[in-house]
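Text of run_14.txt (compact mmCIF, C-alpha atoms (C1' of nucleotides)) as supplied:
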```txt
# COMPACT_ATOMS: atom_id res chain seq x y z
CA MET R 1 112.63 111.20 78.51
CA THR R 2 112.95 111.86 82.18
CA PHE R 3 115.27 110.23 84.66
CA SER R 4 113.21 107.74 86.67
CA LEU R 5 114.13 106.65 90.14
CA THR R 6 113.66 103.02 91.05
CA SER R 7 110.75 102.43 93.36
CA PRO R 8 112.43 102.51 96.82
CA PHE R 9 114.37 105.68 96.01
CA ARG R 10 111.35 107.29 94.48
CA LYS R 11 109.43 106.67 97.67
CA THR R 12 112.14 108.15 99.89
CA PHE R 13 112.37 111.04 97.49
CA SER R 14 108.72 112.02 97.39
CA ASN R 15 108.14 111.34 101.06
CA SER R 16 111.05 113.55 102.10
CA LEU R 17 109.77 116.39 99.96
CA ARG R 18 106.11 116.01 100.92
CA GLU R 19 107.03 116.04 104.60
CA LYS R 20 108.21 119.58 104.08
CA GLY R 21 105.29 120.57 101.88
CA LEU R 22 107.49 120.60 98.77
CA ARG R 23 106.63 119.20 95.37
CA PRO R 24 108.37 116.22 93.80
CA THR R 25 108.94 117.75 90.37
CA LYS R 26 110.61 116.01 87.48
CA GLN R 27 113.63 118.30 87.70
CA ARG R 28 114.14 117.46 91.36
CA GLU R 29 113.74 113.78 90.65
CA CYS R 30 116.21 113.97 87.81
CA VAL R 31 118.84 115.83 89.84
CA TYR R 32 118.43 113.38 92.69
CA GLY R 33 118.62 110.42 90.31
CA ILE R 34 121.82 111.72 88.76
CA ILE R 35 123.47 112.11 92.15
CA LEU R 36 122.44 108.57 93.09
CA ASP R 37 123.48 107.16 89.74
CA LYS R 38 127.25 107.47 89.47
CA ARG R 39 128.08 108.51 93.03
CA ASP R 40 131.10 110.32 91.75
CA HIS R 41 130.55 113.52 93.76
CA PRO R 42 129.51 115.69 90.82
CA THR R 43 129.59 119.49 90.91
CA ALA R 44 126.55 121.62 90.06
CA ASP R 45 128.13 122.06 86.66
CA ASP R 46 128.49 118.31 86.11
CA ILE R 47 124.91 117.81 87.23
CA TYR R 48 123.66 120.55 84.92
CA TYR R 49 125.08 118.85 81.82
CA ARG R 50 123.82 115.44 82.87
CA VAL R 51 120.33 116.76 83.60
CA LYS R 52 120.23 118.43 80.18
CA LYS R 53 120.36 115.02 78.49
CA TYR R 54 117.02 114.14 80.04
CA LEU R 55 115.39 117.54 80.41
CA PRO R 56 117.02 119.82 77.85
CA GLY R 57 115.15 122.90 78.97
CA THR R 58 116.67 122.87 82.44
CA SER R 59 118.49 125.99 83.58
CA PHE R 60 121.41 126.45 85.88
CA ALA R 61 119.23 128.23 88.39
CA THR R 62 116.98 125.19 88.55
CA VAL R 63 119.88 122.87 89.20
CA TYR R 64 120.99 125.09 92.07
CA ASN R 65 117.43 125.35 93.35
CA CYS R 66 116.95 121.60 93.23
CA LEU R 67 120.24 120.97 94.96
CA GLU R 68 119.37 123.41 97.72
CA THR R 69 116.02 121.68 98.16
CA LEU R 70 117.51 118.18 98.23
CA VAL R 71 120.11 119.25 100.76
CA GLY R 72 117.41 120.90 102.84
CA CYS R 73 115.42 117.65 102.84
CA GLY R 74 118.46 115.67 103.89
CA LEU R 75 118.48 113.60 100.72
CA VAL R 76 121.96 114.62 99.65
CA ARG R 77 124.93 116.26 101.29
CA GLN R 78 127.26 118.99 100.18
CA VAL R 79 130.96 118.27 100.07
CA ASN R 80 133.27 121.26 100.19
CA MET R 81 136.97 120.82 99.71
CA ASP R 82 138.92 124.05 99.99
CA ARG R 83 137.57 126.61 97.55
CA SER R 84 136.73 124.22 94.77
CA PRO R 85 133.14 123.98 93.54
CA THR R 86 130.70 122.30 95.89
CA ARG R 87 130.11 118.63 95.19
CA TYR R 88 127.08 116.52 96.01
CA CYS R 89 126.92 113.16 97.69
CA PRO R 90 124.01 110.77 98.37
CA ASN R 91 125.90 108.91 101.11
CA LEU R 92 124.19 109.93 104.34
CA THR R 93 126.19 107.74 106.71
CA PRO R 94 128.93 109.45 108.74
CA HIS R 95 131.93 109.48 106.46
CA ALA R 96 134.97 111.54 105.59
CA HIS R 97 136.26 112.51 102.17
CA PHE R 98 139.59 112.04 100.54
CA LYS R 99 140.57 114.16 97.58
CA CYS R 100 143.32 113.01 95.28
CA ASN R 101 145.34 116.02 94.21
CA LYS R 102 146.49 114.26 91.05
CA THR R 103 143.15 113.14 89.64
CA GLY R 104 140.75 115.42 91.51
CA ARG R 105 138.70 112.37 92.38
CA ILE R 106 136.92 112.24 95.71
CA TYR R 107 136.57 109.07 97.75
CA ASP R 108 134.28 108.33 100.66
CA ILE R 109 135.97 107.05 103.78
CA GLN R 110 133.89 105.40 106.45
CA ILE R 111 134.33 106.62 110.01
CA ASP R 112 133.94 104.03 112.73
CA GLU R 113 131.77 104.83 115.74
CA ASP R 114 134.67 104.96 118.11
CA THR R 115 136.70 107.48 116.13
CA LEU R 116 133.59 109.51 115.46
CA SER R 117 132.77 109.82 119.14
CA ARG R 118 136.36 110.76 119.92
CA MET R 119 136.19 113.51 117.35
CA ASN R 120 132.94 114.76 118.81
CA ALA R 121 134.51 114.71 122.25
CA LEU R 122 136.97 117.38 121.11
CA VAL R 123 134.19 119.95 121.13
CA PRO R 124 134.51 121.94 124.37
CA GLN R 125 131.82 122.55 126.99
CA GLY R 126 129.34 125.19 126.01
CA PHE R 127 129.66 124.44 122.30
CA GLU R 128 127.02 122.47 120.46
CA ALA R 129 128.17 120.91 117.17
CA GLU R 130 125.46 120.46 114.57
CA ASN R 131 127.87 119.47 111.89
CA ILE R 132 131.17 117.69 111.68
CA ASP R 133 133.36 117.59 108.65
CA LEU R 134 136.51 115.58 108.13
CA SER R 135 138.49 115.67 104.94
CA PHE R 136 141.85 114.56 103.67
CA SER R 137 143.80 115.45 100.60
CA GLY R 138 146.84 113.86 99.11
CA THR R 139 147.58 111.18 96.60
CA GLY R 140 144.86 108.66 95.97
CA ASN R 141 144.66 104.95 95.37
CA ALA R 142 147.89 104.00 93.65
CA LEU R 143 146.21 101.03 91.97
CA GLU R 144 143.63 103.19 90.26
CA ASN R 145 145.82 106.09 89.20
CA MET B 12 153.80 153.87 109.91
CA THR B 13 154.33 150.23 109.25
CA PHE B 14 153.26 147.25 111.32
CA SER B 15 156.34 145.97 113.14
CA LEU B 16 156.70 142.42 114.34
CA THR B 17 158.29 141.83 117.70
CA SER B 18 161.78 140.39 117.47
CA PRO B 19 161.12 136.62 117.70
CA PHE B 20 158.32 136.75 115.14
CA ARG B 21 160.33 138.97 112.87
CA LYS B 22 163.14 136.44 112.88
CA THR B 23 160.82 133.52 112.07
CA PHE B 24 159.25 135.66 109.41
CA SER B 25 162.37 136.70 107.55
CA ASN B 26 164.06 133.34 107.94
CA SER B 27 161.10 131.47 106.50
CA LEU B 28 161.00 133.76 103.51
CA ARG B 29 164.76 133.86 102.93
CA GLU B 30 164.88 130.05 102.99
CA LYS B 31 162.76 130.11 99.89
CA GLY B 32 164.62 132.99 98.28
CA LEU B 33 161.74 135.39 98.90
CA ARG B 34 161.98 138.96 100.15
CA PRO B 35 160.69 140.11 103.50
CA THR B 36 158.83 143.19 102.29
CA LYS B 37 156.94 145.60 104.50
CA GLN B 38 153.62 144.47 103.02
CA ARG B 39 154.34 140.84 103.85
CA GLU B 40 155.45 141.78 107.34
CA CYS B 41 152.32 143.83 107.85
CA VAL B 42 149.97 141.09 106.65
CA TYR B 43 151.73 138.56 108.84
CA GLY B 44 151.65 140.91 111.82
CA ILE B 45 147.94 141.48 111.42
CA ILE B 46 147.22 137.75 111.34
CA LEU B 47 149.32 137.26 114.48
CA ASP B 48 147.81 140.26 116.20
CA LYS B 49 144.16 139.49 116.85
CA ARG B 50 144.10 135.80 115.94
CA ASP B 51 140.48 136.16 114.99
CA HIS B 52 140.75 134.26 111.70
CA PRO B 53 140.36 137.29 109.42
CA THR B 54 139.37 137.03 105.77
CA ALA B 55 141.44 138.59 102.97
CA ASP B 56 138.94 141.43 103.04
CA ASP B 57 139.39 142.00 106.79
CA ILE B 58 143.15 141.91 106.33
CA TYR B 59 143.00 144.35 103.44
CA TYR B 60 141.26 147.03 105.53
CA ARG B 61 143.56 146.48 108.49
CA VAL B 62 146.67 146.68 106.32
CA LYS B 63 145.42 149.93 104.77
CA LYS B 64 145.69 151.64 108.16
CA TYR B 65 149.43 151.08 108.14
CA LEU B 66 150.21 151.04 104.42
CA PRO B 67 147.42 152.97 102.70
CA GLY B 68 148.68 152.27 99.20
CA THR B 69 148.23 148.53 99.52
CA SER B 70 146.10 146.82 96.93
CA PHE B 71 143.88 143.79 97.15
CA ALA B 72 146.16 141.90 94.80
CA THR B 73 149.04 142.48 97.19
CA VAL B 74 147.08 141.16 100.13
CA TYR B 75 146.28 138.01 98.16
CA ASN B 76 149.87 137.73 96.98
CA CYS B 77 151.21 138.13 100.50
CA LEU B 78 148.77 135.59 101.87
CA GLU B 79 149.73 133.09 99.22
CA THR B 80 153.39 133.62 100.03
CA LEU B 81 152.88 133.29 103.77
CA VAL B 82 150.88 130.11 103.32
CA GLY B 83 153.54 128.76 100.97
CA CYS B 84 156.21 129.42 103.61
CA GLY B 85 154.17 127.67 106.26
CA LEU B 86 153.80 130.80 108.38
CA VAL B 87 150.01 130.85 108.27
CA ARG B 88 147.28 128.42 107.40
CA GLN B 89 144.14 128.75 105.37
CA VAL B 90 140.85 127.91 107.00
CA ASN B 91 137.97 127.07 104.71
CA MET B 92 134.50 126.57 106.11
CA ASP B 93 131.93 125.68 103.49
CA ARG B 94 131.88 128.28 100.74
CA SER B 95 132.54 131.28 102.90
CA PRO B 96 135.64 133.40 102.24
CA THR B 97 138.96 131.83 103.18
CA ARG B 98 140.24 132.80 106.59
CA TYR B 99 143.80 132.90 107.86
CA CYS B 100 145.26 131.46 111.00
CA PRO B 101 148.74 131.67 112.56
CA ASN B 102 148.19 128.57 114.73
CA LEU B 103 150.39 125.89 113.21
CA THR B 104 149.72 123.14 115.73
CA PRO B 105 147.27 120.39 114.71
CA HIS B 106 143.88 121.79 115.51
CA ALA B 107 140.31 121.74 114.35
CA HIS B 108 137.94 124.67 113.85
CA PHE B 109 134.54 125.37 115.23
CA LYS B 110 132.31 127.91 113.53
CA CYS B 111 129.45 129.45 115.44
CA ASN B 112 126.51 129.85 113.08
CA LYS B 113 125.07 132.64 115.20
CA THR B 114 128.08 134.93 115.46
CA GLY B 115 130.20 133.67 112.59
CA ARG B 116 133.13 133.48 114.96
CA ILE B 117 135.70 130.74 114.50
CA TYR B 118 137.37 128.97 117.39
CA ASP B 119 140.47 126.80 117.43
CA ILE B 120 140.06 123.39 119.00
CA GLN B 121 143.13 121.42 119.96
CA ILE B 122 143.34 117.83 118.77
CA ASP B 123 145.09 115.40 121.08
CA GLU B 124 147.69 113.04 119.62
CA ASP B 125 145.56 109.99 120.16
CA THR B 126 142.52 111.28 118.35
CA LEU B 127 144.70 112.66 115.59
CA SER B 128 146.33 109.30 114.96
CA ARG B 129 142.96 107.59 114.95
CA MET B 130 141.73 110.01 112.35
CA ASN B 131 144.82 109.40 110.24
CA ALA B 132 144.27 105.67 110.59
CA LEU B 133 140.98 106.04 108.69
CA VAL B 134 142.88 106.64 105.47
CA PRO B 135 142.90 103.35 103.54
CA GLN B 136 145.91 101.49 102.15
CA GLY B 137 147.26 102.98 98.98
CA PHE B 138 146.20 106.51 99.91
CA GLU B 139 148.71 109.04 101.18
CA ALA B 140 147.19 111.96 103.10
CA GLU B 141 149.18 115.19 102.95
CA ASN B 142 146.51 117.20 104.62
CA ILE B 143 143.85 116.63 107.21
CA ASP B 144 141.05 118.98 107.97
CA LEU B 145 138.48 118.73 110.75
CA SER B 146 135.80 121.30 111.29
CA PHE B 147 132.63 121.68 113.26
CA SER B 148 129.79 124.11 113.01
CA GLY B 149 126.95 124.80 115.39
CA THR B 150 126.31 127.11 118.26
CA GLY B 151 129.30 128.53 120.01
CA ASN B 152 130.27 129.28 123.55
CA ALA B 153 127.04 130.12 125.34
CA LEU B 154 128.91 132.30 127.85
CA GLU B 155 130.30 134.55 125.17
CA ASN B 156 127.25 134.89 122.95
C1' DA D 7 87.65 118.33 84.05
C1' DG D 8 88.32 123.57 85.02
C1' DT D 9 89.81 127.32 88.03
C1' DT D 10 92.56 129.28 91.16
C1' DA D 11 96.37 129.87 94.37
C1' DT D 12 100.81 128.90 95.02
C1' DA D 13 105.23 126.80 94.19
C1' DA D 14 108.83 125.92 90.96
C1' DA D 15 111.39 126.71 86.73
C1' DT D 16 113.45 129.83 83.56
C1' DG D 17 116.92 133.21 81.34
C1' DG D 18 119.65 136.57 82.20
C1' DA D 19 121.69 139.95 85.14
C1' DA D 20 124.18 140.65 89.44
C1' DT D 21 127.28 139.42 93.06
C1' DT D 22 131.41 137.85 95.41
C1' DA D 23 135.79 136.03 96.17
C1' DT D 24 139.60 135.46 93.84
C1' DT D 25 143.04 135.45 90.01
C1' DC D 26 145.23 137.46 86.09
C1' DT D 27 147.72 141.07 83.42
C1' DA D 28 150.62 144.61 82.13
C1' DA D 29 152.99 148.48 83.94
C1' DT D 30 155.46 150.55 87.81
C1' DT D 31 158.28 150.39 91.90
C1' DA D 32 161.34 148.25 95.35
C1' DT D 33 164.92 145.13 96.71
C1' DT D 34 169.16 142.76 96.36
C1' DA D 35 173.62 141.49 94.52
C1' DA D 36 177.51 142.83 92.08
C1' DT Q 18 174.92 152.80 91.63
C1' DT Q 19 173.55 150.11 88.46
C1' DA Q 20 171.47 146.12 86.67
C1' DA Q 21 168.64 142.19 87.31
C1' DT Q 22 164.89 140.45 89.31
C1' DA Q 23 161.09 140.21 92.43
C1' DA Q 24 157.12 142.43 94.39
C1' DT Q 25 153.42 145.72 94.17
C1' DT Q 26 149.80 148.08 91.91
C1' DA Q 27 145.18 149.17 89.54
C1' DG Q 28 142.01 147.42 87.14
C1' DA Q 29 140.10 143.85 84.15
C1' DA Q 30 138.72 139.03 84.00
C1' DT Q 31 136.94 134.78 85.84
C1' DA Q 32 134.16 131.27 88.11
C1' DA Q 33 130.74 129.73 91.12
C1' DT Q 34 126.77 131.00 92.83
C1' DT Q 35 122.65 133.86 93.83
C1' DC Q 36 119.08 137.05 92.65
C1' DC Q 37 115.12 138.78 90.03
C1' DA Q 38 111.16 139.22 87.24
C1' DT Q 39 108.45 136.41 84.33
C1' DT Q 40 106.50 132.16 82.80
C1' DT Q 41 105.02 127.54 83.66
C1' DA Q 42 103.62 123.60 86.43
C1' DT Q 43 101.44 121.58 90.33
C1' DA Q 44 97.90 120.70 93.73
C1' DA Q 45 93.63 121.79 95.97
C1' DC Q 46 88.97 122.83 95.33
C1' DT Q 47 85.02 123.15 92.96
```
So, in terms of structure tokens, how does the structure I just supplied come out?
Amino acid sequence: MTFSLTSPFRKTFSNSLREKGLRPTKQRECVYGIILDKRDHPTADDIYYRVKKYLPGTSFATVYNCLETLVGCGLVRQVNMDRSPTRYCPNLTPHAHFKCNKTGRIYDIQIDEDTLSRMNALVPQGFEAENIDLSFSGTGNALEN
Amino acid sequence: MTFSLTSPFRKTFSNSLREKGLRPTKQRECVYGIILDKRDHPTADDIYYRVKKYLPGTSFATVYNCLETLVGCGLVRQVNMDRSPTRYCPNLTPHAHFKCNKTGRIYDIQIDEDTLSRMNALVPQGFEAENIDLSFSGTGNALEN
DNA sequence: AGTTATAAATGGAATTATTCTAATTATTAA
DNA sequence: TTAATAATTAGAATAATTCCATTTATAACT
């Protein structure tokens, strides 16, 4: 059994790939579906084991390849916190991340327009920011811990 | 020949270490001096080769050990951009980093109090941020490139 | 449908930054 | 000056990721 995207996601998925002349393979669909599914910022390793349940023949290289492709198409984003393994996130709105040092869990934090533009205003003349990255670490939601 | 800190830095250096019951060794002084010297955000690798000029017997493990110690004492800060090697920075004021994708160079960007407090205000109730990290990447200072 | 050209997937080896380990050397306190 | 402890050392180990050569799947064209 393969991991099937629901219709609107499937459309976004194949359109984004086709726009770049790339093929919507079942491995790519599965990886994308898994990232959309739990939204728990899984690592490549996490994704690998989840993909295996649907497509047992999948290799690590494929997971990395798929992730690179999905990132390249703008379908998912990489989240890097310090030197820990890269995590993947389907939330494409401007947001920051908060990592709880106790649980390792990562939370999305929305950034309002005003704060976002202030942050962008920090960039000096002559510099052109393509990417902005804001992250926090500390102790997470006391209620959940 | 060893790398000697100028008097005010040397004092900060040995005080910070002694406060934690750690020894101000020549390797630690050298690593710290090198980070203060060029302020170009060197990697452990960069630091290793620079240290070797002064203390040829120094090993990689020592460089990593020294860096860990210096970070632990709050004398230097780690700068992580994506998955690239960790860089080290003696600037302890609140500041962001800008990485030029063309040259690889990293620039410090000051963060004003107002913007900083707005960023901190993004953290939701129940979360306690110990660390905040803001970084940009894109194309750097056109005049310098 | 069948062929062909090309893109993607695969398994395993290689790479890279970093950490660990056990033995040696240096520093500090008594 | 010695003893206790901390730091350094060389090299092995690890972990995440990338590379490579081969096989398989996909899409375009008969």
Go through chain R and flag each residue having an atom no more than 12 Å from chain D; for those, report the closest pair of atoms plus their distance in Å to one decimal, using only C-alpha atoms (C1' of nucleotides), ordered by chain and rising number, as a tab-separated table.
```
residue	atom	partner	partner_atom	distance
R:Gly21	CA	D:DA13	C1'	9.9
R:Leu22	CA	D:DA13	C1'	8.0
R:Arg23	CA	D:DA13	C1'	7.8
R:Pro24	CA	D:DA14	C1'	10.1
R:Thr25	CA	D:DA14	C1'	8.2
R:Lys26	CA	D:DA14	C1'	10.7
R:Gln27	CA	D:DA15	C1'	8.8
R:Arg28	CA	D:DA14	C1'	10.0
R:Leu55	CA	D:DA15	C1'	11.8
R:Gly57	CA	D:DT16	C1'	8.5
R:Thr58	CA	D:DT16	C1'	7.8
R:Ser59	CA	D:DT16	C1'	6.3
R:Phe60	CA	D:DT16	C1'	9.0
R:Ala61	CA	D:DT16	C1'	7.7
R:Thr62	CA	D:DA15	C1'	6.1
R:Val63	CA	D:DA15	C1'	9.6
R:Tyr64	CA	D:DA15	C1'	11.1
R:Asn65	CA	D:DA14	C1'	8.9
R:Cys66	CA	D:DA14	C1'	9.5
R:Thr69	CA	D:DA14	C1'	11.0
R:Arg83	CA	D:DA23	C1'	9.7
R:Ser84	CA	D:DT24	C1'	11.6
```
Produce a table with one row for each residue of chain R that has an atom at most 7 Å from any atom of chain B, each row naming the nearest atom pair and its distance in Å at one decimal; use all atoms listed in the file; arrange rows by chain and rising residue number; format as a Markdown table.
```
| residue | atom | partner | partner_atom | distance |
| --- | --- | --- | --- | --- |
| R:Asn80 | CA | B:Asp93 | CA | 5.7 |
| R:Asp82 | CA | B:Asn91 | CA | 5.7 |
| R:Arg83 | CA | B:Arg94 | CA | 6.7 |
| R:Ile111 | CA | B:Leu133 | CA | 6.8 |
| R:Thr115 | CA | B:Arg129 | CA | 6.4 |
| R:Arg118 | CA | B:Thr126 | CA | 6.4 |
| R:Met119 | CA | B:Thr126 | CA | 6.8 |
| R:Leu122 | CA | B:Ile122 | CA | 6.8 |
| R:Gly126 | CA | B:Asn152 | CA | 4.9 |
| R:Phe127 | CA | B:Gly151 | CA | 4.7 |
| R:Glu128 | CA | B:Thr150 | CA | 5.2 |
| R:Ala129 | CA | B:Gly149 | CA | 4.4 |
| R:Glu130 | CA | B:Gly149 | CA | 4.7 |
| R:Asn131 | CA | B:Ser148 | CA | 5.1 |
| R:Ile132 | CA | B:Phe147 | CA | 4.5 |
| R:Asp133 | CA | B:Ser146 | CA | 5.2 |
| R:Leu134 | CA | B:Leu145 | CA | 4.5 |
| R:Ser135 | CA | B:Asp144 | CA | 5.2 |
| R:Phe136 | CA | B:Ile143 | CA | 4.6 |
| R:Ser137 | CA | B:Asn142 | CA | 5.2 |
| R:Gly138 | CA | B:Ala140 | CA | 4.4 |
| R:Thr139 | CA | B:Glu139 | CA | 5.2 |
| R:Gly140 | CA | B:Phe138 | CA | 4.7 |
| R:Asn141 | CA | B:Gly137 | CA | 4.9 |
| R:Ala142 | CA | B:Gly137 | CA | 5.5 |
```
How would chain B read as a compact mmCIF listing (two decimals) with C-alpha atoms, in the coordinates of the input after a least-squares superposition onto chain R over every Cα atom, matched in order?
```txt
# COMPACT_ATOMS: atom_id res chain seq x y z
CA MET B 12 112.71 111.25 78.43
CA THR B 13 113.02 111.89 82.10
CA PHE B 14 115.33 110.26 84.61
CA SER B 15 113.27 107.77 86.60
CA LEU B 16 114.19 106.64 90.08
CA THR B 17 113.72 103.01 90.95
CA SER B 18 110.80 102.40 93.28
CA PRO B 19 112.48 102.48 96.73
CA PHE B 20 114.40 105.66 95.94
CA ARG B 21 111.36 107.27 94.42
CA LYS B 22 109.42 106.64 97.60
CA THR B 23 112.15 108.11 99.83
CA PHE B 24 112.37 111.00 97.44
CA SER B 25 108.72 111.97 97.33
CA ASN B 26 108.14 111.29 101.01
CA SER B 27 111.02 113.50 102.07
CA LEU B 28 109.75 116.33 99.94
CA ARG B 29 106.08 115.93 100.86
CA GLU B 30 107.00 115.98 104.56
CA LYS B 31 108.17 119.51 104.05
CA GLY B 32 105.26 120.50 101.82
CA LEU B 33 107.46 120.54 98.72
CA ARG B 34 106.60 119.14 95.30
CA PRO B 35 108.34 116.19 93.74
CA THR B 36 108.94 117.72 90.32
CA LYS B 37 110.62 115.98 87.42
CA GLN B 38 113.63 118.29 87.67
CA ARG B 39 114.14 117.44 91.33
CA GLU B 40 113.75 113.75 90.60
CA CYS B 41 116.24 113.98 87.77
CA VAL B 42 118.85 115.83 89.83
CA TYR B 43 118.44 113.36 92.66
CA GLY B 44 118.65 110.42 90.27
CA ILE B 45 121.84 111.72 88.75
CA ILE B 46 123.49 112.12 92.15
CA LEU B 47 122.46 108.57 93.08
CA ASP B 48 123.50 107.18 89.72
CA LYS B 49 127.27 107.50 89.47
CA ARG B 50 128.08 108.53 93.04
CA ASP B 51 131.10 110.35 91.76
CA HIS B 52 130.52 113.53 93.78
CA PRO B 53 129.50 115.73 90.83
CA THR B 54 129.56 119.52 90.94
CA ALA B 55 126.51 121.64 90.09
CA ASP B 56 128.10 122.11 86.68
CA ASP B 57 128.48 118.35 86.13
CA ILE B 58 124.89 117.84 87.23
CA TYR B 59 123.65 120.59 84.94
CA TYR B 60 125.08 118.91 81.82
CA ARG B 61 123.84 115.49 82.87
CA VAL B 62 120.34 116.79 83.58
CA LYS B 63 120.25 118.49 80.17
CA LYS B 64 120.40 115.08 78.47
CA TYR B 65 117.07 114.17 80.01
CA LEU B 66 115.41 117.57 80.39
CA PRO B 67 117.05 119.87 77.84
CA GLY B 68 115.18 122.96 78.97
CA THR B 69 116.67 122.90 82.44
CA SER B 70 118.45 126.00 83.61
CA PHE B 71 121.38 126.46 85.93
CA ALA B 72 119.17 128.22 88.44
CA THR B 73 116.94 125.16 88.57
CA VAL B 74 119.86 122.87 89.21
CA TYR B 75 120.95 125.09 92.10
CA ASN B 76 117.38 125.33 93.37
CA CYS B 77 116.92 121.57 93.22
CA LEU B 78 120.22 120.95 94.97
CA GLU B 79 119.32 123.36 97.73
CA THR B 80 115.98 121.63 98.16
CA LEU B 81 117.49 118.16 98.22
CA VAL B 82 120.08 119.21 100.76
CA GLY B 83 117.37 120.86 102.85
CA CYS B 84 115.38 117.61 102.84
CA GLY B 85 118.42 115.62 103.89
CA LEU B 86 118.47 113.56 100.70
CA VAL B 87 121.95 114.62 99.65
CA ARG B 88 124.92 116.24 101.29
CA GLN B 89 127.23 118.99 100.20
CA VAL B 90 130.93 118.28 100.08
CA ASN B 91 133.25 121.25 100.20
CA MET B 92 136.96 120.80 99.71
CA ASP B 93 138.93 124.01 99.97
CA ARG B 94 137.58 126.59 97.55
CA SER B 95 136.72 124.23 94.76
CA PRO B 96 133.10 124.01 93.57
CA THR B 97 130.67 122.31 95.93
CA ARG B 98 130.09 118.66 95.22
CA TYR B 99 127.08 116.52 96.03
CA CYS B 100 126.90 113.17 97.70
CA PRO B 101 124.00 110.77 98.37
CA ASN B 102 125.89 108.92 101.14
CA LEU B 103 124.17 109.93 104.36
CA THR B 104 126.17 107.76 106.74
CA PRO B 105 128.92 109.47 108.77
CA HIS B 106 131.90 109.50 106.49
CA ALA B 107 134.94 111.53 105.63
CA HIS B 108 136.24 112.51 102.19
CA PHE B 109 139.56 112.02 100.56
CA LYS B 110 140.53 114.13 97.58
CA CYS B 111 143.26 112.96 95.27
CA ASN B 112 145.29 115.97 94.18
CA LYS B 113 146.42 114.19 91.04
CA THR B 114 143.08 113.09 89.62
CA GLY B 115 140.72 115.37 91.50
CA ARG B 116 138.64 112.34 92.38
CA ILE B 117 136.87 112.23 95.72
CA TYR B 118 136.52 109.08 97.78
CA ASP B 119 134.23 108.33 100.69
CA ILE B 120 135.91 107.04 103.81
CA GLN B 121 133.83 105.41 106.49
CA ILE B 122 134.29 106.63 110.05
CA ASP B 123 133.89 104.04 112.78
CA GLU B 124 131.73 104.88 115.79
CA ASP B 125 134.66 105.00 118.14
CA THR B 126 136.69 107.48 116.15
CA LEU B 127 133.59 109.54 115.50
CA SER B 128 132.81 109.86 119.19
CA ARG B 129 136.40 110.79 119.94
CA MET B 130 136.24 113.52 117.37
CA ASN B 131 132.99 114.80 118.86
CA ALA B 132 134.58 114.74 122.29
CA LEU B 133 137.06 117.39 121.12
CA VAL B 134 134.32 120.00 121.16
CA PRO B 135 134.69 121.98 124.40
CA GLN B 136 132.03 122.63 127.04
CA GLY B 137 129.57 125.30 126.08
CA PHE B 138 129.85 124.54 122.36
CA GLU B 139 127.17 122.59 120.55
CA ALA B 140 128.29 121.01 117.27
CA GLU B 141 125.54 120.54 114.69
CA ASN B 142 127.91 119.53 111.99
CA ILE B 143 131.20 117.72 111.74
CA ASP B 144 133.37 117.61 108.70
CA LEU B 145 136.53 115.58 108.16
CA SER B 146 138.47 115.65 104.95
CA PHE B 147 141.82 114.54 103.68
CA SER B 148 143.75 115.41 100.59
CA GLY B 149 146.81 113.81 99.08
CA THR B 150 147.52 111.11 96.59
CA GLY B 151 144.81 108.61 95.96
CA ASN B 152 144.60 104.92 95.37
CA ALA B 153 147.84 103.98 93.64
CA LEU B 154 146.16 101.00 91.95
CA GLU B 155 143.58 103.15 90.25
CA ASN B 156 145.76 106.06 89.18
```
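Considering only C-alpha atoms (C1' of nucleotides), the residue among Q:DT25, Q:DT41, Q:DT19, Q:DT35 positioned nearest to chain R is Q:DT35.
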May I have the residues of chain Q within 9 Å of chain B, counting all atoms listed in the file, written as number ranges by chain? Q: 23-27
Report the distance between CA of Asp119 in chain B and CA of Lys49 in chain B in Å, rounded to one decimal place.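 Separating CA of Asp119 in chain B from CA of Lys49 in chain B is a distance of 13.2 Å.
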When you draw a straight line from CA of Tyr54 in chain R to CA of Ser4 in chain R, how long is it in Å? 10.0 Å
d(CA of Ala44 in chain R, CA of Tyr99 in chain B) in Å: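 The value is 27.2 Å.
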Closest to Ile58 in chain B among B:Leu16, B:Ile117, B:Cys84, B:Cys100, using all atoms listed in the file? B:Cys100
Give, as AutoDock Vina command-line options, the centre coordinates and the x, y and z edge lengths in Å to one decimal for an axis-aligned box around all listed atoms of range 116-135 of chain B, padded by 3 Å on each side.
```
--center_x 140.4 --center_y 118.4 --center_z 112.3 --size_x 20.6 --size_y 36.1 --size_z 23.5
```
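Between Asp56 in chain B and the residues B:Leu78, B:Leu28, B:Pro101, B:Thr17, the shortest atom-to-atom distance, using all atoms listed in the file, involves B:Leu78.
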In terms of the shortest atom-to-atom distance over only C-alpha atoms, which of B:Asp48, B:Glu30, B:Glu124, B:Glu79 is closest to Arg61 in chain B? B:Asp48
Since the input lacks atoms, please generate N, CA and C atoms for range 112-116 of chain B and provide them as a short mmCIF file (atom, residue, chain, number, x, y, z; two decimals), keeping the file's coordinate frame.
```cif
data_model
loop_
_atom_site.label_atom_id
_atom_site.label_comp_id
_atom_site.auth_asym_id
_atom_site.auth_seq_id
_atom_site.Cartn_x
_atom_site.Cartn_y
_atom_site.Cartn_z
N ASN B 112 127.42 129.38 114.12
CA ASN B 112 126.51 129.85 113.08
C ASN B 112 125.77 131.12 113.47
N LYS B 113 125.75 131.42 114.76
CA LYS B 113 125.07 132.64 115.20
C LYS B 113 125.96 133.87 115.02
N THR B 114 127.19 133.75 115.47
CA THR B 114 128.08 134.93 115.46
C THR B 114 129.05 134.93 114.29
N GLY B 115 129.23 133.78 113.66
CA GLY B 115 130.20 133.67 112.59
C GLY B 115 131.63 133.51 113.09
N ARG B 116 131.79 133.57 114.40
CA ARG B 116 133.13 133.48 114.96
C ARG B 116 133.72 132.07 114.80
#
```
